[in-house]
Amino acid sequence: MAITLSTENIDDNGKELLHYGTKEFPIAFFDDDLTKVKVPWHWHEEFEICILLEGKVDFRVANQSMKLKAQEGYFINSGILHSEKLLSPSGHQHCLIFSPTLISPAHDLIWQTYIEPLFNNPQIPFIHLQPSVPWQKDILDIVKKAWEIGAYDQKDFPYHVRESLSKIFVEFVNHRDMLDHAYHYTIKNYQDELRVKTTLRFIETHYTEKITIAHIAKSADISISTCLRLYKSILHTTPIHYLIQYRLQKSLELLKGTKMSISEIAYACGFNDPSYYNKWFKKEYGITPSTYILNLHQNNE
């Protein structure tokens with residue numbers, strides 16, 4: 001199957017807007033240059049398994065922040081918010097994102113034995129995969145092989161990719177007793193994430209308008225103090241900072257794809273002052289919007 005390049009497209013609920021593979025074989029193979037692709041807070045219904053090949057990242061998920069280095073990886077459960085931030089000059093990772101039904105149809109014996117114990121299990125939001133742990137190293141090796149087979153359409157790749165994923169889930173289930181108590185993620189944590197997802201939907205629907213923390217909190221029927229607490233504990237930021245970052249991300253799309261002026265883009269993305277937009281853009285990306293446009297033109301020549 002073709003290699004997929006990551007995007008930053010998400011819908012009004014923070015859910016990633018990508019189709020993973022085909023209906024007949026629902027999996028995508030991502031080759032991510034993390035110097036070019038940002039991984040903002042998002043979620044998807046599919047499972048995700050990644051291995052970091054180069055660099056160091058700040059990986060955030062399930063109320064936790066951890067530093068991942070090359071050859072480490074992770075598994076993300078269905079519906080779990082997560083993000084990555086590159087901490088090194090370069091970074092490269094391979095990811096597999098796939099429907100659980102790729103391994104087995106829902107509700108048959110394979111599903112009940114190997115998928116259902118993990119699928120939407122709030123006790124296992126993610127799994128940190130480390131090469132220093134023998135069974136986890138085996139999984140990382142399987143991920144590398146499966147990615148190579150699937151991304152480059154090697155002979156009989158559907159069979160071998162499904163077989164590889166099946167082996168991974170056998171390992172997960174065999175170590176479930178350890179995983180169930182590894183991350184201290186409770187039903188309350190899960191419910192708090194649902195509230196945050198509601199506020200993300202509000203922000204991503206109304207980012208062009210003048211909105212305040214009060215508006216964001218009200219969208220999930222929570223107090224301002226609760227909203228601030230949830231953003232700090234789950235997203236490691238504030239509601240307003242998230243709003244600004246989201247507006248900046250949307251402005252990148254307009255800078256790349258339109259001939260609008262910088263002032264027009266600033267207003268279109270919810271900034272009421274172009275100079276304020278310029279200030280935040282430079283703080284976030286290290287250059288001004290005008291320099292960003294210039295670099296785009298030079299790269300396209």
# chains A, B, ... in the order shown; residues from 1 in each chain; ligands from 1
call {"tool": "residues_around", "arguments": {"residues": "Thr288 (chain A)", "least_positions_apart": "5", "cutoff": "10 Å", "atoms": "only C-alpha atoms", "output": "PDB file with C-alpha atoms, in the first residue's frame"}}
result
ATOM      1  CA  TYR A 277      -0.891  37.490  14.850  1.00  0.00           C
ATOM      2  CA  ASN A 278       2.647  38.236  13.643  1.00  0.00           C
ATOM      3  CA  LYS A 279       3.933  38.180  17.220  1.00  0.00           C
ATOM      4  CA  TRP A 280       2.427  34.774  17.999  1.00  0.00           C
ATOM      5  CA  PHE A 281       3.389  33.301  14.629  1.00  0.00           C
ATOM      6  CA  LYS A 282       7.041  34.211  15.162  1.00  0.00           C
ATOM      7  CA  LYS A 283       6.941  32.915  18.738  1.00  0.00           C
ATOM      8  CA  ILE A 293       5.547  32.754   2.462  1.00  0.00           C
ATOM      9  CA  LEU A 294       8.938  33.681   1.001  1.00  0.00           C
TER      10      LEU A 294
END
call {"tool": "closest_atom_pairs", "arguments": {"of": "region 207-301 of chain A", "to": "region 168-190 of chain A", "cutoff": "12 Å", "atoms": "only C-alpha atoms", "output": "JSON lines"}}
result
{"residue": "A:Leu230", "atom": "CA", "partner": "A:Asn189", "partner_atom": "CA", "distance": 9.6}
{"residue": "A:Ser233", "atom": "CA", "partner": "A:Asn189", "partner_atom": "CA", "distance": 9.8}
{"residue": "A:Ile234", "atom": "CA", "partner": "A:Asn189", "partner_atom": "CA", "distance": 8.8}
call {"tool": "residues_around", "arguments": {"residues": "Glu72 (chain A)", "least_positions_apart": "3", "cutoff": "9 Å", "atoms": "only C-alpha atoms", "output": "list in words"}}
result
Cys50, Ile51, Leu52, Leu53, Leu68, Lys69, His128, Leu129, Gln130, Pro131, Lys137 and Leu140 of chain A
call {"tool": "write_last_selection", "arguments": {"atoms": "C-alpha atoms", "output": "mmCIF file, in the first residue's frame"}}
result
data_model
loop_
_atom_site.group_PDB
_atom_site.id
_atom_site.type_symbol
_atom_site.label_atom_id
_atom_site.label_comp_id
_atom_site.auth_asym_id
_atom_site.auth_seq_id
_atom_site.Cartn_x
_atom_site.Cartn_y
_atom_site.Cartn_z
ATOM 1 C CA CYS A 50 4.543 3.934 16.119
ATOM 2 C CA ILE A 51 8.290 3.528 16.404
ATOM 3 C CA LEU A 52 10.615 6.523 16.655
ATOM 4 C CA LEU A 53 13.554 5.888 14.339
ATOM 5 C CA LEU A 68 10.697 9.159 23.856
ATOM 6 C CA LYS A 69 14.043 8.497 22.206
ATOM 7 C CA HIS A 128 4.950 2.708 26.054
ATOM 8 C CA LEU A 129 7.133 0.281 24.085
ATOM 9 C CA GLN A 130 10.767 0.101 25.181
ATOM 10 C CA PRO A 131 13.526 -2.011 23.592
ATOM 11 C CA LYS A 137 11.417 -5.226 21.830
ATOM 12 C CA LEU A 140 8.999 -3.089 18.037
#
call {"tool": "closest_residue", "arguments": {"among": "A:Leu235, A:Val133, A:Ala146, A:Leu194", "to": "Ile222 (chain A)", "atoms": "only C-alpha atoms"}}
result
A:Leu194
call {"tool": "select_by_dssp", "arguments": {"residues": "region 50-267 of chain A", "states": "strand (DSSP E)", "output": "ChimeraX atom specification"}}
result
/A:50-54,56-61,64-69,73-76,82-86,92-98,126-129
call {"tool": "atom_distance", "arguments": {"atom1": "CA of Ile240 (chain A)", "atom2": "CA of Thr291 (chain A)"}}
result
25.5 Å
call {"tool": "closest_residue", "arguments": {"among": "A:Glu163, A:Asp192, A:Asp141, A:Asp221", "to": "Ser104 (chain A)", "atoms": "only C-alpha atoms"}}
result
A:Glu163
call {"tool": "closest_residue", "arguments": {"among": "A:Thr212, A:Gln136, A:Gln245, A:Thr199", "to": "Cys227 (chain A)", "atoms": "only C-alpha atoms"}}
result
A:Thr199
call {"tool": "closest_residue", "arguments": {"among": "A:Glu284, A:Lys210, A:Ile115, A:Ile216", "to": "Gln249 (chain A)", "atoms": "only C-alpha atoms"}}
result
A:Glu284
call {"tool": "closest_residue", "arguments": {"among": "A:Asn295, A:Gln191, A:Thr208, A:Ser78", "to": "Tyr267 (chain A)", "atoms": "only C-alpha atoms"}}
result
A:Thr208
call {"tool": "atom_distance", "arguments": {"atom1": "CA of Gly79 (chain A)", "atom2": "CA of Phe202 (chain A)"}}
result
17.8 Å
call {"tool": "closest_residue", "arguments": {"among": "A:Leu243, A:Met66, A:Ile213, A:Cys269", "to": "Leu228 (chain A)", "atoms": "only C-alpha atoms"}}
result
A:Ile213
call {"tool": "residues_around", "arguments": {"residues": "region 159-161 of chain A", "least_positions_apart": "3", "cutoff": "8 Å", "atoms": "only C-alpha atoms", "output": "list of chain:residue names"}}
result
A:Ala146, A:Trp147, A:Ile149, A:Gly150, A:Asp156, A:Ser164, A:Leu165
call {"tool": "residues_around", "arguments": {"residues": "Ile265 (chain A)", "least_positions_apart": "4", "cutoff": "9 Å", "atoms": "only C-alpha atoms", "output": "short mmCIF file (atom, residue, chain, number, x, y, z; two decimals) with C-alpha atoms, in the first residue's frame"}}
result
data_model
loop_
_atom_site.label_atom_id
_atom_site.label_comp_id
_atom_site.auth_asym_id
_atom_site.auth_seq_id
_atom_site.Cartn_x
_atom_site.Cartn_y
_atom_site.Cartn_z
CA SER A 251 -3.45 30.25 9.21
CA LEU A 254 -4.28 29.80 4.19
CA LEU A 255 -0.66 30.90 3.81
CA MET A 260 -4.90 36.38 0.78
CA SER A 261 -2.84 39.10 2.43
CA CYS A 269 -8.40 33.00 11.63
CA GLY A 270 -9.82 34.95 14.55
CA PHE A 271 -6.99 37.37 15.35
CA PRO A 274 -2.43 41.52 12.51
#
call {"tool": "closest_atom_pairs", "arguments": {"of": "region 36-114 of chain A", "to": "region 236-239 of chain A", "cutoff": "10 Å", "atoms": "only C-alpha atoms", "output": "tab-separated table"}}
result
residue	atom	partner	partner_atom	distance
A:Arg60	CA	A:His236	CA	8.4
A:Val61	CA	A:His236	CA	10.0
A:Asn63	CA	A:His236	CA	8.2
A:Gln64	CA	A:His236	CA	9.0
A:Ser65	CA	A:His236	CA	8.5
call {"tool": "select_by_dssp", "arguments": {"residues": "region 19-257 of chain A", "states": "helix (DSSP H, G or I)", "output": "PyMOL selection string"}}
result
chain A and resi 100-102+109-115+134-151+157-174+176-179+187-206+213-219+224-235+239-257
call {"tool": "decode", "arguments": {"residues": "region 183-209 of chain A", "atoms": "N, CA and C atoms", "output": "mmCIF file, in the first residue's frame"}}
result
data_model
loop_
_atom_site.group_PDB
_atom_site.id
_atom_site.type_symbol
_atom_site.label_atom_id
_atom_site.label_comp_id
_atom_site.auth_asym_id
_atom_site.auth_seq_id
_atom_site.Cartn_x
_atom_site.Cartn_y
_atom_site.Cartn_z
ATOM 1 N N TYR A 183 -0.764 2.462 34.116
ATOM 2 C CA TYR A 183 -0.905 3.865 33.745
ATOM 3 C C TYR A 183 -1.840 4.675 34.636
ATOM 4 N N HIS A 184 -2.498 4.058 35.596
ATOM 5 C CA HIS A 184 -3.330 4.788 36.556
ATOM 6 C C HIS A 184 -4.345 5.687 35.850
ATOM 7 N N TYR A 185 -4.939 5.176 34.801
ATOM 8 C CA TYR A 185 -5.936 5.909 34.020
ATOM 9 C C TYR A 185 -7.312 5.381 34.412
ATOM 10 N N THR A 186 -8.139 6.247 34.979
ATOM 11 C CA THR A 186 -9.403 5.818 35.573
ATOM 12 C C THR A 186 -10.598 6.208 34.704
ATOM 13 N N ILE A 187 -11.767 5.737 35.109
ATOM 14 C CA ILE A 187 -13.003 6.136 34.436
ATOM 15 C C ILE A 187 -13.165 7.650 34.495
ATOM 16 N N LYS A 188 -12.784 8.251 35.610
ATOM 17 C CA LYS A 188 -12.869 9.707 35.732
ATOM 18 C C LYS A 188 -11.952 10.383 34.712
ATOM 19 N N ASN A 189 -10.735 9.857 34.530
ATOM 20 C CA ASN A 189 -9.838 10.403 33.515
ATOM 21 C C ASN A 189 -10.495 10.344 32.139
ATOM 22 N N TYR A 190 -11.120 9.219 31.851
ATOM 23 C CA TYR A 190 -11.789 9.026 30.566
ATOM 24 C C TYR A 190 -12.924 10.036 30.392
ATOM 25 N N GLN A 191 -13.705 10.239 31.437
ATOM 26 C CA GLN A 191 -14.812 11.202 31.376
ATOM 27 C C GLN A 191 -14.294 12.628 31.223
ATOM 28 N N ASP A 192 -13.184 12.930 31.890
ATOM 29 C CA ASP A 192 -12.582 14.258 31.747
ATOM 30 C C ASP A 192 -12.123 14.491 30.310
ATOM 31 N N GLU A 193 -11.575 13.446 29.667
ATOM 32 C CA GLU A 193 -11.175 13.585 28.267
ATOM 33 C C GLU A 193 -12.377 13.877 27.381
ATOM 34 N N LEU A 194 -13.507 13.255 27.674
ATOM 35 C CA LEU A 194 -14.714 13.521 26.894
ATOM 36 C C LEU A 194 -15.117 14.986 27.008
ATOM 37 N N ARG A 195 -14.979 15.563 28.204
ATOM 38 C CA ARG A 195 -15.298 16.983 28.388
ATOM 39 C C ARG A 195 -14.336 17.855 27.581
ATOM 40 N N VAL A 196 -13.063 17.495 27.605
ATOM 41 C CA VAL A 196 -12.084 18.264 26.837
ATOM 42 C C VAL A 196 -12.388 18.163 25.346
ATOM 43 N N LYS A 197 -12.746 16.978 24.871
ATOM 44 C CA LYS A 197 -13.096 16.817 23.458
ATOM 45 C C LYS A 197 -14.258 17.732 23.076
ATOM 46 N N THR A 198 -15.218 17.890 23.981
ATOM 47 C CA THR A 198 -16.350 18.783 23.715
ATOM 48 C C THR A 198 -15.875 20.219 23.549
ATOM 49 N N THR A 199 -14.950 20.648 24.411
ATOM 50 C CA THR A 199 -14.435 22.017 24.283
ATOM 51 C C THR A 199 -13.601 22.178 23.021
ATOM 52 N N LEU A 200 -12.879 21.132 22.632
ATOM 53 C CA LEU A 200 -12.102 21.203 21.389
ATOM 54 C C LEU A 200 -13.033 21.385 20.198
ATOM 55 N N ARG A 201 -14.148 20.674 20.239
ATOM 56 C CA ARG A 201 -15.116 20.829 19.155
ATOM 57 C C ARG A 201 -15.607 22.266 19.090
ATOM 58 N N PHE A 202 -15.875 22.865 20.235
ATOM 59 C CA PHE A 202 -16.345 24.248 20.259
ATOM 60 C C PHE A 202 -15.281 25.184 19.681
ATOM 61 N N ILE A 203 -14.037 25.035 20.138
ATOM 62 C CA ILE A 203 -12.959 25.898 19.650
ATOM 63 C C ILE A 203 -12.792 25.753 18.144
ATOM 64 N N GLU A 204 -12.788 24.528 17.677
ATOM 65 C CA GLU A 204 -12.498 24.283 16.270
ATOM 66 C C GLU A 204 -13.674 24.632 15.362
ATOM 67 N N THR A 205 -14.853 24.851 15.960
ATOM 68 C CA THR A 205 -16.011 25.318 15.210
ATOM 69 C C THR A 205 -16.111 26.842 15.229
ATOM 70 N N HIS A 206 -15.634 27.460 16.313
ATOM 71 C CA HIS A 206 -15.838 28.898 16.510
ATOM 72 C C HIS A 206 -14.534 29.703 16.577
ATOM 73 N N TYR A 207 -13.424 29.124 16.108
ATOM 74 C CA TYR A 207 -12.136 29.814 16.260
ATOM 75 C C TYR A 207 -12.074 31.142 15.520
ATOM 76 N N THR A 208 -12.907 31.334 14.514
ATOM 77 C CA THR A 208 -12.885 32.594 13.771
ATOM 78 C C THR A 208 -13.585 33.717 14.529
ATOM 79 N N GLU A 209 -14.308 33.370 15.586
ATOM 80 C CA GLU A 209 -15.088 34.345 16.343
ATOM 81 C C GLU A 209 -14.321 34.819 17.579
#
